>>> print(open('data.cif').read())   # mmCIF, N, CA and C atoms
data_work
#
loop_
_atom_site.label_atom_id
_atom_site.label_comp_id
_atom_site.auth_asym_id
_atom_site.auth_seq_id
_atom_site.Cartn_x
_atom_site.Cartn_y
_atom_site.Cartn_z
N MET M 17 127.42 111.20 117.58
CA MET M 17 128.85 111.37 117.43
C MET M 17 129.55 110.02 117.32
N ARG M 18 129.07 109.07 118.11
CA ARG M 18 129.68 107.73 118.07
C ARG M 18 129.48 107.11 116.70
N ARG M 19 128.25 107.21 116.16
CA ARG M 19 128.00 106.64 114.85
C ARG M 19 128.85 107.28 113.77
N SER M 20 128.99 108.59 113.82
CA SER M 20 129.80 109.30 112.82
C SER M 20 131.27 108.86 112.90
N ALA M 21 131.77 108.74 114.12
CA ALA M 21 133.15 108.29 114.29
C ALA M 21 133.31 106.85 113.81
N PHE M 22 132.33 106.01 114.10
CA PHE M 22 132.39 104.62 113.66
C PHE M 22 132.29 104.55 112.13
N ASP M 23 131.49 105.44 111.53
CA ASP M 23 131.41 105.52 110.06
C ASP M 23 132.80 105.74 109.47
N ARG M 24 133.56 106.66 110.06
CA ARG M 24 134.91 106.93 109.56
C ARG M 24 135.80 105.70 109.71
N LEU M 25 135.59 104.96 110.77
CA LEU M 25 136.36 103.75 111.00
C LEU M 25 136.02 102.67 109.97
N MET M 26 134.76 102.61 109.55
CA MET M 26 134.30 101.60 108.60
C MET M 26 134.62 101.96 107.15
N ARG M 27 134.88 103.23 106.89
CA ARG M 27 135.09 103.69 105.52
C ARG M 27 136.15 102.88 104.76
N PRO M 28 137.31 102.57 105.36
CA PRO M 28 138.31 101.78 104.63
C PRO M 28 137.81 100.37 104.26
N LEU M 29 136.79 99.88 104.97
CA LEU M 29 136.23 98.57 104.66
C LEU M 29 135.23 98.67 103.51
N GLY M 30 134.92 99.90 103.08
CA GLY M 30 133.97 100.10 101.98
C GLY M 30 132.53 99.90 102.38
N VAL M 31 132.22 100.14 103.66
CA VAL M 31 130.87 99.93 104.17
C VAL M 31 130.30 101.24 104.67
N THR M 32 129.10 101.58 104.20
CA THR M 32 128.42 102.79 104.67
C THR M 32 127.67 102.48 105.96
N ARG M 33 127.21 103.53 106.64
CA ARG M 33 126.45 103.33 107.88
C ARG M 33 125.22 102.47 107.62
N ALA M 34 124.48 102.78 106.59
CA ALA M 34 123.27 102.01 106.30
C ALA M 34 123.60 100.54 106.06
N GLN M 35 124.70 100.29 105.39
CA GLN M 35 125.10 98.91 105.10
C GLN M 35 125.55 98.18 106.35
N TRP M 36 126.40 98.81 107.17
CA TRP M 36 126.84 98.11 108.37
C TRP M 36 125.70 97.93 109.35
N TRP M 37 124.73 98.85 109.29
CA TRP M 37 123.56 98.74 110.15
C TRP M 37 122.71 97.53 109.75
N VAL M 38 122.51 97.32 108.44
CA VAL M 38 121.77 96.16 107.97
C VAL M 38 122.48 94.88 108.40
N ILE M 39 123.78 94.83 108.20
CA ILE M 39 124.55 93.64 108.57
C ILE M 39 124.46 93.39 110.07
N ALA M 40 124.55 94.44 110.86
CA ALA M 40 124.44 94.29 112.32
C ALA M 40 123.08 93.73 112.71
N HIS M 41 122.00 94.24 112.11
CA HIS M 41 120.66 93.73 112.44
C HIS M 41 120.49 92.29 111.98
N LEU M 42 120.99 91.97 110.81
CA LEU M 42 120.89 90.59 110.33
C LEU M 42 121.71 89.64 111.20
N SER M 43 122.80 90.13 111.77
CA SER M 43 123.61 89.26 112.64
C SER M 43 122.83 88.85 113.88
N ARG M 44 121.85 89.65 114.27
CA ARG M 44 121.02 89.34 115.43
C ARG M 44 119.83 88.47 115.06
N GLN M 45 119.34 88.63 113.82
CA GLN M 45 118.18 87.86 113.36
C GLN M 45 118.27 87.69 111.85
N ASP M 46 119.07 86.74 111.45
CA ASP M 46 119.29 86.49 110.03
C ASP M 46 118.00 85.97 109.40
N GLY M 47 117.73 86.39 108.17
CA GLY M 47 116.56 85.89 107.45
C GLY M 47 115.29 86.69 107.68
N MET M 48 115.43 87.92 108.17
CA MET M 48 114.25 88.77 108.32
C MET M 48 113.70 89.12 106.94
N THR M 49 112.40 89.43 106.90
CA THR M 49 111.85 89.94 105.66
C THR M 49 112.34 91.38 105.49
N GLN M 50 112.31 91.85 104.25
CA GLN M 50 112.72 93.23 104.01
C GLN M 50 111.82 94.20 104.78
N ILE M 51 110.54 93.87 104.91
CA ILE M 51 109.61 94.75 105.64
C ILE M 51 109.98 94.80 107.11
N GLN M 52 110.30 93.65 107.72
CA GLN M 52 110.72 93.63 109.13
C GLN M 52 111.99 94.45 109.31
N LEU M 53 112.92 94.28 108.41
CA LEU M 53 114.20 94.98 108.49
C LEU M 53 113.99 96.49 108.36
N ALA M 54 113.14 96.90 107.43
CA ALA M 54 112.83 98.33 107.25
C ALA M 54 112.18 98.90 108.51
N ASP M 55 111.28 98.15 109.13
CA ASP M 55 110.62 98.61 110.36
C ASP M 55 111.61 98.76 111.50
N ILE M 56 112.48 97.77 111.69
CA ILE M 56 113.47 97.82 112.77
C ILE M 56 114.43 98.98 112.58
N MET M 57 114.81 99.21 111.32
CA MET M 57 115.78 100.27 111.03
C MET M 57 115.11 101.64 110.91
N ASP M 58 113.77 101.64 110.92
CA ASP M 58 113.00 102.87 110.80
C ASP M 58 113.34 103.63 109.52
N VAL M 59 113.36 102.88 108.41
CA VAL M 59 113.58 103.46 107.08
C VAL M 59 112.47 102.99 106.16
N GLY M 60 112.29 103.68 105.07
CA GLY M 60 111.29 103.30 104.10
C GLY M 60 111.66 102.02 103.38
N LYS M 61 110.64 101.33 102.90
CA LYS M 61 110.89 100.06 102.19
C LYS M 61 111.72 100.27 100.94
N ALA M 62 111.46 101.36 100.21
CA ALA M 62 112.22 101.64 98.99
C ALA M 62 113.69 101.93 99.32
N SER M 63 113.92 102.71 100.37
CA SER M 63 115.29 103.02 100.78
C SER M 63 116.03 101.75 101.16
N LEU M 64 115.36 100.91 101.95
CA LEU M 64 116.00 99.66 102.35
C LEU M 64 116.27 98.79 101.13
N GLY M 65 115.33 98.77 100.19
CA GLY M 65 115.51 97.97 98.98
C GLY M 65 116.78 98.36 98.24
N THR M 66 117.05 99.67 98.17
CA THR M 66 118.26 100.15 97.50
C THR M 66 119.51 99.70 98.25
N ILE M 67 119.48 99.77 99.57
CA ILE M 67 120.62 99.33 100.38
C ILE M 67 120.86 97.83 100.19
N VAL M 68 119.78 97.06 100.24
CA VAL M 68 119.90 95.61 100.09
C VAL M 68 120.38 95.27 98.68
N ASP M 69 119.92 96.02 97.68
CA ASP M 69 120.42 95.81 96.31
C ASP M 69 121.94 95.94 96.27
N ARG M 70 122.45 97.00 96.88
CA ARG M 70 123.91 97.23 96.89
C ARG M 70 124.65 96.13 97.65
N LEU M 71 124.08 95.73 98.79
CA LEU M 71 124.71 94.66 99.57
C LEU M 71 124.69 93.34 98.80
N GLU M 72 123.61 93.11 98.08
CA GLU M 72 123.51 91.88 97.29
C GLU M 72 124.52 91.90 96.14
N THR M 73 124.64 93.04 95.47
CA THR M 73 125.62 93.18 94.38
C THR M 73 127.04 92.94 94.89
N ALA M 74 127.31 93.38 96.12
CA ALA M 74 128.64 93.21 96.73
C ALA M 74 128.84 91.80 97.28
N GLY M 75 127.81 90.97 97.21
CA GLY M 75 127.93 89.60 97.71
C GLY M 75 127.83 89.48 99.22
N LEU M 76 127.25 90.50 99.87
CA LEU M 76 127.18 90.51 101.33
C LEU M 76 125.85 89.98 101.87
N VAL M 77 124.81 89.99 101.06
CA VAL M 77 123.52 89.41 101.46
C VAL M 77 122.92 88.70 100.26
N GLU M 78 121.96 87.85 100.55
CA GLU M 78 121.17 87.25 99.48
C GLU M 78 119.71 87.27 99.87
N ARG M 79 118.89 87.48 98.88
CA ARG M 79 117.44 87.46 99.09
C ARG M 79 116.93 86.07 98.70
N ARG M 80 115.99 85.59 99.53
CA ARG M 80 115.34 84.32 99.23
C ARG M 80 113.84 84.50 99.42
N PRO M 81 113.06 83.80 98.63
CA PRO M 81 111.60 83.91 98.81
C PRO M 81 111.17 83.37 100.17
N ASP M 82 110.18 84.01 100.74
CA ASP M 82 109.61 83.54 102.01
C ASP M 82 108.85 82.25 101.72
N PRO M 83 109.06 81.19 102.52
CA PRO M 83 108.40 79.91 102.23
C PRO M 83 106.87 79.96 102.40
N VAL M 84 106.38 80.92 103.19
CA VAL M 84 104.94 81.02 103.44
C VAL M 84 104.27 82.05 102.53
N ASP M 85 104.90 83.22 102.40
CA ASP M 85 104.35 84.31 101.61
C ASP M 85 105.23 84.52 100.38
N GLY M 86 104.78 84.05 99.26
CA GLY M 86 105.57 84.11 98.03
C GLY M 86 105.91 85.51 97.58
N ARG M 87 105.17 86.52 98.06
CA ARG M 87 105.45 87.90 97.69
C ARG M 87 106.61 88.48 98.48
N ALA M 88 106.85 87.94 99.66
CA ALA M 88 107.87 88.48 100.56
C ALA M 88 109.24 87.88 100.26
N LYS M 89 110.26 88.69 100.50
CA LYS M 89 111.64 88.23 100.37
C LYS M 89 112.30 88.31 101.73
N ARG M 90 113.09 87.30 102.02
CA ARG M 90 113.88 87.30 103.24
C ARG M 90 115.32 87.61 102.89
N VAL M 91 116.00 88.29 103.81
CA VAL M 91 117.37 88.71 103.56
C VAL M 91 118.29 87.92 104.49
N PHE M 92 119.31 87.32 103.90
CA PHE M 92 120.25 86.49 104.65
C PHE M 92 121.68 86.97 104.45
N MET M 93 122.47 86.82 105.49
CA MET M 93 123.89 87.12 105.41
C MET M 93 124.58 86.04 104.58
N THR M 94 125.69 86.42 103.96
CA THR M 94 126.51 85.46 103.23
C THR M 94 127.79 85.21 104.04
N ARG M 95 128.57 84.26 103.57
CA ARG M 95 129.87 83.99 104.22
C ARG M 95 130.71 85.28 104.23
N LYS M 96 130.68 86.00 103.12
CA LYS M 96 131.46 87.24 103.00
C LYS M 96 131.02 88.27 104.05
N SER M 97 129.72 88.38 104.28
CA SER M 97 129.26 89.36 105.28
C SER M 97 129.58 88.90 106.70
N ARG M 98 129.61 87.60 106.93
CA ARG M 98 129.99 87.10 108.26
C ARG M 98 131.46 87.41 108.54
N GLN M 99 132.29 87.30 107.51
CA GLN M 99 133.70 87.66 107.66
C GLN M 99 133.83 89.16 107.92
N LEU M 100 133.07 89.95 107.16
CA LEU M 100 133.07 91.41 107.36
C LEU M 100 132.60 91.75 108.76
N LEU M 101 131.57 91.06 109.24
CA LEU M 101 131.05 91.30 110.58
C LEU M 101 132.13 91.06 111.63
N LYS M 102 132.91 89.99 111.48
CA LYS M 102 133.99 89.72 112.44
C LYS M 102 135.01 90.86 112.44
N THR M 103 135.35 91.35 111.26
CA THR M 103 136.27 92.48 111.16
C THR M 103 135.67 93.71 111.81
N MET M 104 134.39 93.96 111.53
CA MET M 104 133.71 95.12 112.14
C MET M 104 133.71 95.00 113.67
N GLN M 105 133.46 93.82 114.18
CA GLN M 105 133.45 93.60 115.62
C GLN M 105 134.83 93.82 116.22
N ASP M 106 135.88 93.39 115.52
CA ASP M 106 137.25 93.63 115.99
C ASP M 106 137.52 95.13 116.04
N PHE M 107 137.14 95.84 114.97
CA PHE M 107 137.30 97.30 114.94
C PHE M 107 136.52 97.94 116.09
N GLU M 108 135.30 97.45 116.32
CA GLU M 108 134.46 98.03 117.36
C GLU M 108 135.06 97.84 118.75
N ARG M 109 135.65 96.67 119.00
CA ARG M 109 136.28 96.44 120.31
C ARG M 109 137.40 97.46 120.56
N VAL M 110 138.24 97.67 119.56
CA VAL M 110 139.32 98.66 119.68
C VAL M 110 138.73 100.06 119.84
N PHE M 111 137.73 100.36 119.04
CA PHE M 111 137.06 101.66 119.08
C PHE M 111 136.47 101.93 120.46
N ASN M 112 135.73 100.96 121.00
CA ASN M 112 135.11 101.12 122.32
C ASN M 112 136.17 101.29 123.40
N ALA M 113 137.23 100.51 123.32
CA ALA M 113 138.31 100.64 124.31
C ALA M 113 138.88 102.05 124.27
N ARG M 114 139.02 102.58 123.08
CA ARG M 114 139.59 103.93 122.94
C ARG M 114 138.65 105.00 123.50
N ILE M 115 137.37 104.93 123.16
CA ILE M 115 136.46 106.00 123.61
C ILE M 115 136.07 105.87 125.08
N LEU M 116 136.29 104.70 125.66
CA LEU M 116 135.95 104.50 127.07
C LEU M 116 137.18 104.42 127.97
N ARG M 117 138.35 104.68 127.43
CA ARG M 117 139.61 104.47 128.16
C ARG M 117 139.73 105.30 129.43
N ARG M 118 139.05 106.41 129.52
CA ARG M 118 139.17 107.27 130.71
C ARG M 118 138.20 106.87 131.83
N LEU M 119 137.36 105.89 131.56
CA LEU M 119 136.41 105.45 132.58
C LEU M 119 136.94 104.21 133.28
N SER M 120 136.76 104.18 134.59
CA SER M 120 137.15 102.98 135.36
C SER M 120 136.14 101.87 135.05
N ASP M 121 136.47 100.66 135.47
CA ASP M 121 135.54 99.54 135.29
C ASP M 121 134.21 99.83 135.98
N ALA M 122 134.27 100.40 137.18
CA ALA M 122 133.04 100.71 137.92
C ALA M 122 132.21 101.76 137.16
N GLU M 123 132.89 102.77 136.60
CA GLU M 123 132.18 103.80 135.83
C GLU M 123 131.58 103.21 134.56
N ARG M 124 132.29 102.31 133.92
CA ARG M 124 131.76 101.65 132.72
C ARG M 124 130.52 100.84 133.06
N ASN M 125 130.62 100.08 134.15
CA ASN M 125 129.47 99.27 134.57
C ASN M 125 128.27 100.15 134.92
N ALA M 126 128.53 101.25 135.59
CA ALA M 126 127.44 102.18 135.93
C ALA M 126 126.83 102.78 134.67
N LEU M 127 127.67 103.13 133.71
CA LEU M 127 127.20 103.70 132.44
C LEU M 127 126.30 102.70 131.72
N VAL M 128 126.74 101.45 131.63
CA VAL M 128 125.94 100.42 130.97
C VAL M 128 124.61 100.24 131.69
N ARG M 129 124.65 100.22 133.02
CA ARG M 129 123.42 100.05 133.81
C ARG M 129 122.46 101.21 133.55
N MET M 130 122.96 102.43 133.58
CA MET M 130 122.11 103.61 133.37
C MET M 130 121.56 103.65 131.95
N LEU M 131 122.40 103.38 130.97
CA LEU M 131 121.91 103.37 129.58
C LEU M 131 120.88 102.27 129.37
N SER M 132 121.06 101.14 130.04
CA SER M 132 120.08 100.05 129.94
C SER M 132 118.73 100.47 130.52
N LEU M 133 118.76 101.20 131.62
CA LEU M 133 117.52 101.70 132.21
C LEU M 133 116.82 102.67 131.25
N ILE M 134 117.59 103.57 130.67
CA ILE M 134 117.02 104.54 129.74
C ILE M 134 116.46 103.81 128.53
N ARG M 135 117.20 102.83 128.01
CA ARG M 135 116.73 102.07 126.85
C ARG M 135 115.42 101.35 127.18
N ALA M 136 115.34 100.73 128.35
CA ALA M 136 114.12 100.02 128.74
C ALA M 136 112.94 100.98 128.79
N ASP M 137 113.14 102.17 129.33
CA ASP M 137 112.07 103.16 129.37
C ASP M 137 111.67 103.60 127.97
N LEU M 138 112.65 103.77 127.09
CA LEU M 138 112.35 104.17 125.71
C LEU M 138 111.58 103.07 124.98
N VAL M 139 111.97 101.82 125.19
CA VAL M 139 111.24 100.71 124.58
C VAL M 139 109.82 100.67 125.11
N GLY M 140 109.66 100.82 126.42
CA GLY M 140 108.33 100.84 127.02
C GLY M 140 107.49 101.99 126.50
N PHE M 141 108.11 103.13 126.35
CA PHE M 141 107.42 104.31 125.84
C PHE M 141 106.93 104.06 124.42
N ALA M 142 107.79 103.49 123.60
CA ALA M 142 107.43 103.21 122.21
C ALA M 142 106.32 102.16 122.13
N GLU M 143 106.37 101.17 122.99
CA GLU M 143 105.37 100.10 122.96
C GLU M 143 104.03 100.54 123.50
N GLU M 144 104.02 101.43 124.49
CA GLU M 144 102.78 101.83 125.14
C GLU M 144 102.21 103.12 124.61
N GLY M 145 102.95 103.84 123.80
CA GLY M 145 102.45 105.10 123.27
C GLY M 145 102.77 106.24 124.20
N THR M 146 102.16 107.36 123.96
CA THR M 146 102.48 108.58 124.70
C THR M 146 101.42 108.95 125.72
N GLY M 147 100.53 108.04 126.08
CA GLY M 147 99.41 108.36 126.95
C GLY M 147 99.74 108.68 128.39
N SER M 148 100.95 108.41 128.83
CA SER M 148 101.25 108.62 130.25
C SER M 148 101.62 110.06 130.56
N GLY M 149 101.95 110.85 129.57
CA GLY M 149 102.23 112.27 129.79
C GLY M 149 103.66 112.53 130.20
N PRO M 150 104.09 113.78 130.05
CA PRO M 150 105.47 114.12 130.39
C PRO M 150 105.74 113.98 131.88
N GLY M 151 106.93 113.49 132.21
CA GLY M 151 107.32 113.38 133.61
C GLY M 151 106.73 112.19 134.32
N ARG M 152 105.98 111.39 133.62
CA ARG M 152 105.38 110.22 134.23
C ARG M 152 105.82 108.97 133.48
N PRO M 153 106.12 107.90 134.20
CA PRO M 153 106.44 106.66 133.52
C PRO M 153 105.18 106.06 132.90
N ALA M 154 105.34 104.98 132.17
CA ALA M 154 104.22 104.37 131.47
C ALA M 154 103.08 104.01 132.40
N GLY M 155 103.38 103.67 133.67
CA GLY M 155 102.34 103.30 134.61
C GLY M 155 101.52 104.48 135.12
N GLY M 156 101.93 105.71 134.83
CA GLY M 156 101.17 106.87 135.22
C GLY M 156 101.59 107.49 136.53
N GLU M 157 102.44 106.83 137.30
CA GLU M 157 102.89 107.37 138.58
C GLU M 157 103.99 108.39 138.34
N PRO M 158 103.99 109.50 139.08
CA PRO M 158 105.09 110.46 138.90
C PRO M 158 106.40 109.83 139.35
N ARG M 159 107.47 110.19 138.67
CA ARG M 159 108.80 109.69 139.04
C ARG M 159 109.29 110.43 140.28
N PRO M 160 109.89 109.71 141.21
CA PRO M 160 110.48 110.40 142.37
C PRO M 160 111.67 111.24 141.92
N ARG M 161 111.82 112.38 142.51
CA ARG M 161 112.95 113.26 142.18
C ARG M 161 114.17 112.82 142.96
N SER M 162 115.29 112.91 142.32
CA SER M 162 116.54 112.57 142.98
C SER M 162 116.88 113.67 143.97
N ARG M 163 117.39 113.31 145.12
CA ARG M 163 117.78 114.29 146.12
C ARG M 163 119.22 114.72 145.92
N ARG M 164 119.91 114.09 145.02
CA ARG M 164 121.30 114.39 144.74
C ARG M 164 121.42 115.74 144.03
N ARG M 165 122.43 116.51 144.42
CA ARG M 165 122.70 117.76 143.71
C ARG M 165 123.46 117.43 142.44
N ARG M 166 123.16 118.19 141.40
CA ARG M 166 123.83 117.94 140.12
C ARG M 166 124.72 119.10 139.79
#
>>> encode(input="data.cif", output="structure tokens")
Amino acid sequence: MRRSAFDRLMRPLGVTRAQWWVIAHLSRQDGMTQIQLADIMDVGKASLGTIVDRLETAGLVERRPDPVDGRAKRVFMTRKSRQLLKTMQDFERVFNARILRRLSDAERNALVRMLSLIRADLVGFAEEGTGSGPGRPAGGEPRPRSRRRR
């Protein structure tokens, strides 16, 4: 729901979800290969190629040959995409303030902490595979049940 709402917010900027997602990932690690970017975004190489083509045509990214592997292309942000990123970040700050306005600072902090824990478990799960079984963390020990009523 958050992504869909953010998509609507980005629409006047002329940026699709796939495009703003590429720009966001490049802002964290500019100069990734197209294969790395496709893996991180969990999309096919051909699909990513089409997105990068459109971003390149719009002047938002540029492809450069990899200095080590001549077959690989690296994708870099341009000045125009850095300006767009700043605008997107400004929009996101206002957006986040709006969707979180009913939460106190303590509730926001607790939400971030809990989501970070869930994210860490998901990353661990993805890295270690599914061998630990349902209801068990990656280490194989059963999770303690909360005594709190829900």
>>> select_by_dssp(input="data.cif", residues="range 41-116 of chain M", states="strand (DSSP E)", output="list in words")
Met48, Thr49, Val77, Glu78, Arg79, Arg80, Pro81, Lys89, Arg90, Val91, Phe92 and Met93 of chain M
>>> residues_near_point(input="data.cif", point="(114.0, 86.4, 99.9)", cutoff="12 Å", atoms="only C-alpha atoms", output="JSON, numbers by chain")
{"M": [46, 47, 48, 49, 50, 51, 65, 68, 69, 72, 77, 78, 79, 80, 81, 82, 83, 84, 85, 86, 87, 88, 89, 90, 91, 92, 93]}
>>> closest_residue(input="data.cif", among="M:Leu119, M:Asp23, M:Val139, M:Leu53", to="Val38 in chain M", atoms="only N, CA and C atoms")
M:Leu53
>>> resolve_selection(input="data.cif", expression="the PyMOL selection byres (((chain M and resi 106-114 and name CA) around 12) and name CA)", output="list in words")
Arg18, Arg19, Ala21, Phe22, Asp23, Arg24, Leu25, Met26, Arg27, Pro28, Leu29, Trp36, Ala40, Gln99, Leu100, Leu101, Lys102, Thr103, Met104, Gln105, Ile115, Leu116, Arg117, Arg118, Leu119, Ser120, Asp121 and Arg124 of chain M
>>> atom_distance(input="data.cif", atom1="atom C of Leu133 in chain M", atom2="CA of Met17 in chain M")
20.3 Å
>>> select_by_dssp(input="data.cif", residues="range 17-158 of chain M", states="helix (DSSP H, G or I)", output="ChimeraX atom specification")
/M:18-29,33-44,50-57,61-73,95-115,121-144
>>> atom_distance(input="data.cif", atom1="atom N of Thr66 in chain M", atom2="atom C of Gln45 in chain M")
18.2 Å
>>> atom_distance(input="data.cif", atom1="CA of Gly30 in chain M", atom2="CA of Ile56 in chain M")
23.3 Å
>>> decode(input="data.cif", residues="range 27-41 of chain M", atoms="N, CA, C and O atoms", output="compact mmCIF listing (two decimals), in the first residue's frame")
# COMPACT_ATOMS: atom_id res chain seq x y z
N ARG M 27 4.13 10.21 -9.61
CA ARG M 27 3.58 10.33 -10.97
C ARG M 27 3.79 11.72 -11.59
O ARG M 27 4.22 11.81 -12.74
N PRO M 28 3.53 12.81 -10.86
CA PRO M 28 3.75 14.14 -11.46
C PRO M 28 5.22 14.40 -11.84
O PRO M 28 5.50 15.23 -12.69
N LEU M 29 6.14 13.66 -11.23
CA LEU M 29 7.56 13.80 -11.57
C LEU M 29 7.91 13.00 -12.82
O LEU M 29 9.05 13.08 -13.31
N GLY M 30 6.95 12.20 -13.31
CA GLY M 30 7.19 11.40 -14.51
C GLY M 30 8.05 10.18 -14.26
O GLY M 30 8.72 9.69 -15.16
N VAL M 31 8.01 9.66 -13.02
CA VAL M 31 8.85 8.52 -12.66
C VAL M 31 7.96 7.35 -12.26
O VAL M 31 7.08 7.49 -11.41
N THR M 32 8.21 6.19 -12.86
CA THR M 32 7.47 4.98 -12.49
C THR M 32 8.12 4.32 -11.28
O THR M 32 9.26 4.66 -10.92
N ARG M 33 7.43 3.37 -10.69
CA ARG M 33 7.99 2.65 -9.53
C ARG M 33 9.31 2.00 -9.89
O ARG M 33 10.30 2.12 -9.15
N ALA M 34 9.36 1.32 -11.00
CA ALA M 34 10.60 0.64 -11.40
C ALA M 34 11.73 1.65 -11.56
O ALA M 34 12.87 1.38 -11.16
N GLN M 35 11.43 2.80 -12.11
CA GLN M 35 12.46 3.82 -12.31
C GLN M 35 12.93 4.43 -11.00
O GLN M 35 14.13 4.58 -10.77
N TRP M 36 11.99 4.79 -10.11
CA TRP M 36 12.44 5.38 -8.86
C TRP M 36 13.15 4.36 -8.00
O TRP M 36 14.04 4.67 -7.22
N TRP M 37 12.79 3.08 -8.19
CA TRP M 37 13.45 2.02 -7.45
C TRP M 37 14.91 1.88 -7.90
O TRP M 37 15.81 1.72 -7.09
N VAL M 38 15.15 1.94 -9.22
CA VAL M 38 16.52 1.88 -9.74
C VAL M 38 17.33 3.05 -9.20
O VAL M 38 18.45 2.88 -8.70
N ILE M 39 16.75 4.24 -9.26
CA ILE M 39 17.46 5.43 -8.78
C ILE M 39 17.77 5.31 -7.29
O ILE M 39 18.87 5.63 -6.84
N ALA M 40 16.81 4.81 -6.52
CA ALA M 40 17.03 4.64 -5.08
C ALA M 40 18.17 3.66 -4.82
O ALA M 40 19.04 3.91 -3.96
N HIS M 41 18.21 2.54 -5.54
CA HIS M 41 19.29 1.56 -5.35
C HIS M 41 20.64 2.14 -5.78
O HIS M 41 21.65 1.93 -5.10
